$ cat input04.cif   # mmCIF, C-alpha atoms
data_entry
loop_
_atom_site.label_atom_id
_atom_site.label_comp_id
_atom_site.auth_asym_id
_atom_site.auth_seq_id
_atom_site.Cartn_x
_atom_site.Cartn_y
_atom_site.Cartn_z
CA MET A 28 7.17 15.16 37.39
CA ARG A 29 10.84 15.90 37.60
CA ARG A 30 12.43 18.38 35.27
CA GLY A 31 14.39 15.80 33.26
CA ASP A 32 11.33 13.58 32.76
CA ALA A 33 9.58 16.02 30.40
CA GLU A 34 12.70 16.37 28.25
CA THR A 35 13.15 12.59 28.09
CA GLN A 36 9.51 12.06 27.08
CA THR A 37 9.78 14.71 24.37
CA ASP A 38 12.99 13.16 23.03
CA GLN A 39 11.40 9.69 22.98
CA HIS A 40 8.34 11.06 21.17
CA ILE A 41 10.49 12.72 18.50
CA LEU A 42 12.61 9.60 18.05
CA ARG A 43 9.53 7.38 17.79
CA ASP A 44 7.89 9.68 15.21
CA THR A 45 11.10 9.91 13.19
CA HIS A 46 11.43 6.11 13.26
CA ILE A 47 7.81 5.68 12.11
CA LEU A 48 8.32 8.18 9.27
CA ARG A 49 11.50 6.40 8.17
CA ASP A 50 9.73 3.02 8.24
CA THR A 51 6.83 4.46 6.24
CA GLU A 52 9.12 5.93 3.61
CA ALA A 53 11.04 2.64 3.36
CA ARG A 54 7.76 0.74 2.86
CA LEU A 55 6.73 3.20 0.16
CA GLU A 56 10.06 2.77 -1.62
CA GLU A 57 9.68 -1.01 -1.40
CA ALA A 58 6.13 -0.87 -2.82
CA VAL A 59 7.32 1.33 -5.68
CA GLY A 60 10.14 -1.16 -6.34
CA LEU A 61 7.69 -4.05 -6.42
CA ALA A 62 5.47 -2.18 -8.88
CA ARG A 63 8.47 -1.45 -11.09
CA ALA A 64 9.38 -5.16 -10.98
CA ILE A 65 6.42 -5.80 -13.28
CA ASP A 66 7.19 -2.76 -15.45
CA LEU A 67 4.49 -0.48 -14.06
CA THR A 68 4.97 3.23 -14.65
CA ILE A 69 4.61 5.11 -11.37
CA ALA A 70 2.51 8.24 -11.81
CA ASP A 71 2.49 9.16 -8.13
CA ALA A 72 3.39 7.59 -4.78
CA VAL A 73 1.43 8.77 -1.76
CA ILE A 74 1.63 7.99 1.95
CA ALA A 75 -1.91 7.88 3.34
CA PRO A 76 -1.94 7.69 7.14
CA VAL A 77 -4.81 5.53 8.40
CA SER A 78 -6.01 6.14 11.94
CA GLN A 79 -8.80 3.58 11.68
CA ILE A 80 -9.34 0.95 9.00
CA ARG A 81 -12.78 1.32 7.41
CA PRO A 82 -14.55 -2.00 6.68
CA ALA A 83 -15.93 -0.80 3.35
CA THR A 84 -12.93 0.95 1.80
CA TYR A 85 -9.95 0.59 4.19
CA LEU A 86 -9.42 4.39 3.84
CA GLY A 87 -11.65 7.18 5.08
CA LYS A 88 -14.11 8.92 2.77
CA GLY A 89 -11.93 12.04 2.43
CA LYS A 90 -8.83 10.08 1.38
CA VAL A 91 -10.88 8.02 -1.10
CA GLU A 92 -12.16 11.25 -2.68
CA GLU A 93 -8.67 12.76 -2.71
CA ILE A 94 -7.33 9.76 -4.60
CA VAL A 95 -10.20 10.08 -7.12
CA GLY A 96 -8.59 13.40 -8.09
CA LEU A 97 -5.17 11.78 -8.49
CA VAL A 98 -6.56 8.90 -10.55
CA THR A 99 -8.46 11.17 -12.94
CA GLY A 100 -5.72 13.82 -13.04
CA HIS A 101 -3.02 11.34 -14.05
CA ASP A 102 -5.30 9.00 -16.04
CA ILE A 103 -4.23 6.11 -13.79
CA GLU A 104 -5.22 2.57 -14.81
CA LEU A 105 -4.06 0.74 -11.67
CA VAL A 106 -3.75 1.71 -8.00
CA VAL A 107 -1.47 -0.39 -5.81
CA MET A 108 -2.05 -0.26 -2.06
CA ASP A 109 0.65 -1.51 0.30
CA CYS A 110 -1.76 -3.30 2.63
CA ALA A 111 -4.03 -6.32 2.69
CA LEU A 112 -7.47 -5.46 1.32
CA SER A 113 -10.55 -7.62 1.72
CA PRO A 114 -12.35 -8.47 -1.54
CA ILE A 115 -15.14 -6.05 -0.57
CA GLN A 116 -12.68 -3.21 0.11
CA GLN A 117 -10.96 -3.86 -3.20
CA ARG A 118 -14.27 -3.89 -5.10
CA ASN A 119 -15.50 -0.70 -3.41
CA LEU A 120 -12.25 1.14 -4.15
CA GLU A 121 -12.34 -0.02 -7.78
CA LYS A 122 -15.88 1.37 -8.07
CA ALA A 123 -14.96 4.65 -6.36
CA TRP A 124 -11.83 5.18 -8.45
CA SER A 125 -13.08 3.58 -11.69
CA THR A 126 -9.81 1.70 -12.00
CA LYS A 127 -8.23 -1.61 -11.02
CA VAL A 128 -6.88 -1.88 -7.46
CA LEU A 129 -4.21 -4.31 -6.28
CA ASP A 130 -3.17 -4.86 -2.69
CA ARG A 131 0.31 -5.98 -1.64
CA THR A 132 -0.54 -9.67 -1.88
CA GLY A 133 -2.01 -9.26 -5.36
CA LEU A 134 1.06 -7.34 -6.50
CA ILE A 135 3.43 -10.02 -5.23
CA LEU A 136 1.37 -12.76 -6.86
CA GLU A 137 1.43 -10.78 -10.11
CA ILE A 138 5.23 -10.63 -9.90
CA PHE A 139 5.43 -14.39 -9.34
CA GLY A 140 2.97 -15.00 -12.18
CA ARG A 141 4.95 -12.94 -14.66
CA ARG A 142 8.27 -14.45 -13.66
CA ALA A 143 7.10 -18.05 -13.55
CA LYS A 144 8.85 -19.95 -16.32
CA PRO A 145 7.62 -23.53 -16.17
CA ARG A 146 3.96 -24.12 -17.01
CA ARG A 147 3.39 -25.79 -13.65
CA ALA A 148 4.68 -22.72 -11.74
CA ARG A 149 2.46 -20.42 -13.84
CA CYS A 150 -0.56 -22.56 -12.99
CA ARG A 151 0.23 -22.42 -9.29
CA SER A 152 0.65 -18.64 -9.25
CA ASN A 153 -2.51 -18.09 -11.32
CA TRP A 154 -4.46 -20.35 -9.01
CA ARG A 155 -3.56 -18.21 -6.00
CA ILE A 156 -4.72 -14.97 -7.62
#
$ encode --input "input04.cif" --output "structure tokens"
Amino acid sequence: MRRGDAETQTDQHILRDTHILRDTEARLEEAVGLARAIDLTIADAVIAPVSQIRPATYLGKGKVEEIVGLVTGHDIELVVMDCALSPIQQRNLEKAWSTKVLDRTGLILEIFGRRAKPRRARCRSNWRI
């Protein structure tokens, strides 16, 4: 390896990590904005890195337990996750956290449902939920 190669690789690694962090923070801000669009009060907003998606809960056991503490500590009634959850993952998280859980799709459909004016549009958005 030439001397300049190591410096270039390090610079690329730092730039990539900074870009990922910026993207993650932007996604979090967007999710918070979507939640506020339906007048939800945000008790906490957390970035939870996922190295491997778990079939049962999407998150690992440790992160699920950590969020139990947040839910009980803030008396949270709804957890919004900025991802697509399977029905089983959603059900398991609701059981673990003893609260309602919405994924990104559910949140967007809720926004459409609340903003739908004509009866026909309300029926369409309710049907998709």
$ resolve_selection --input "input04.cif" --expression "the PyMOL selection byres ((chain A and resi 117) around 10)" --output "ChimeraX atom specification"
/A:83-85,108,111-116,118-123,127-130
$ resolve_selection --input "input04.cif" --expression "the PyMOL selection byres ((chain A and resi 102) around 12)" --output "ChimeraX atom specification"
/A:68-71,94-101,103-106,124-126
$ atom_distance --input "input04.cif" --atom1 "atom CA of A:Leu67" --atom2 "atom CA of A:Thr132"
16.1 Å
$ residues_around --input "input04.cif" --residues "A:Val59" --least-positions-apart "2" --cutoff "10 Å" --atoms "all atoms listed in the file" --output "tab-separated table (two decimals) with C-alpha atoms, in the coordinates of the input"
chain	number	residue	atom	x	y	z
A	53	ALA	CA	11.04	2.64	3.36
A	54	ARG	CA	7.76	0.74	2.86
A	55	LEU	CA	6.73	3.20	0.16
A	56	GLU	CA	10.06	2.77	-1.62
A	57	GLU	CA	9.68	-1.01	-1.40
A	61	LEU	CA	7.69	-4.05	-6.42
A	62	ALA	CA	5.47	-2.18	-8.88
A	63	ARG	CA	8.47	-1.45	-11.09
A	64	ALA	CA	9.38	-5.16	-10.98
A	67	LEU	CA	4.49	-0.48	-14.06
A	68	THR	CA	4.97	3.23	-14.65
A	69	ILE	CA	4.61	5.11	-11.37
A	71	ASP	CA	2.49	9.16	-8.13
A	72	ALA	CA	3.39	7.59	-4.78
A	107	VAL	CA	-1.47	-0.39	-5.81
A	109	ASP	CA	0.65	-1.51	0.30
$ resolve_selection --input "input04.cif" --expression "the PyMOL selection byres ((chain A and resi 74) around 9)" --output "ChimeraX atom specification"
/A:51-52,55,72-73,75-76
$ atom_distance --input "input04.cif" --atom1 "atom CA of A:Ser78" --atom2 "atom CA of A:Ala58"
20.4 Å
$ atom_distance --input "input04.cif" --atom1 "atom CA of A:Glu93" --atom2 "atom CA of A:Asp66"
25.6 Å
$ residues_around --input "input04.cif" --residues "A:Ile65" --least-positions-apart "3" --cutoff "10 Å" --atoms "all atoms listed in the file" --output "mmCIF file with C-alpha atoms, in the coordinates of the input"
data_model
loop_
_atom_site.group_PDB
_atom_site.id
_atom_site.type_symbol
_atom_site.label_atom_id
_atom_site.label_comp_id
_atom_site.auth_asym_id
_atom_site.auth_seq_id
_atom_site.Cartn_x
_atom_site.Cartn_y
_atom_site.Cartn_z
ATOM 1 C CA GLY A 60 10.140 -1.160 -6.340
ATOM 2 C CA LEU A 61 7.690 -4.050 -6.420
ATOM 3 C CA ALA A 62 5.470 -2.180 -8.880
ATOM 4 C CA THR A 68 4.970 3.230 -14.650
ATOM 5 C CA LEU A 134 1.060 -7.340 -6.500
ATOM 6 C CA ILE A 135 3.430 -10.020 -5.230
ATOM 7 C CA GLU A 137 1.430 -10.780 -10.110
ATOM 8 C CA ILE A 138 5.230 -10.630 -9.900
ATOM 9 C CA PHE A 139 5.430 -14.390 -9.340
ATOM 10 C CA GLY A 140 2.970 -15.000 -12.180
ATOM 11 C CA ARG A 141 4.950 -12.940 -14.660
ATOM 12 C CA ARG A 142 8.270 -14.450 -13.660
#
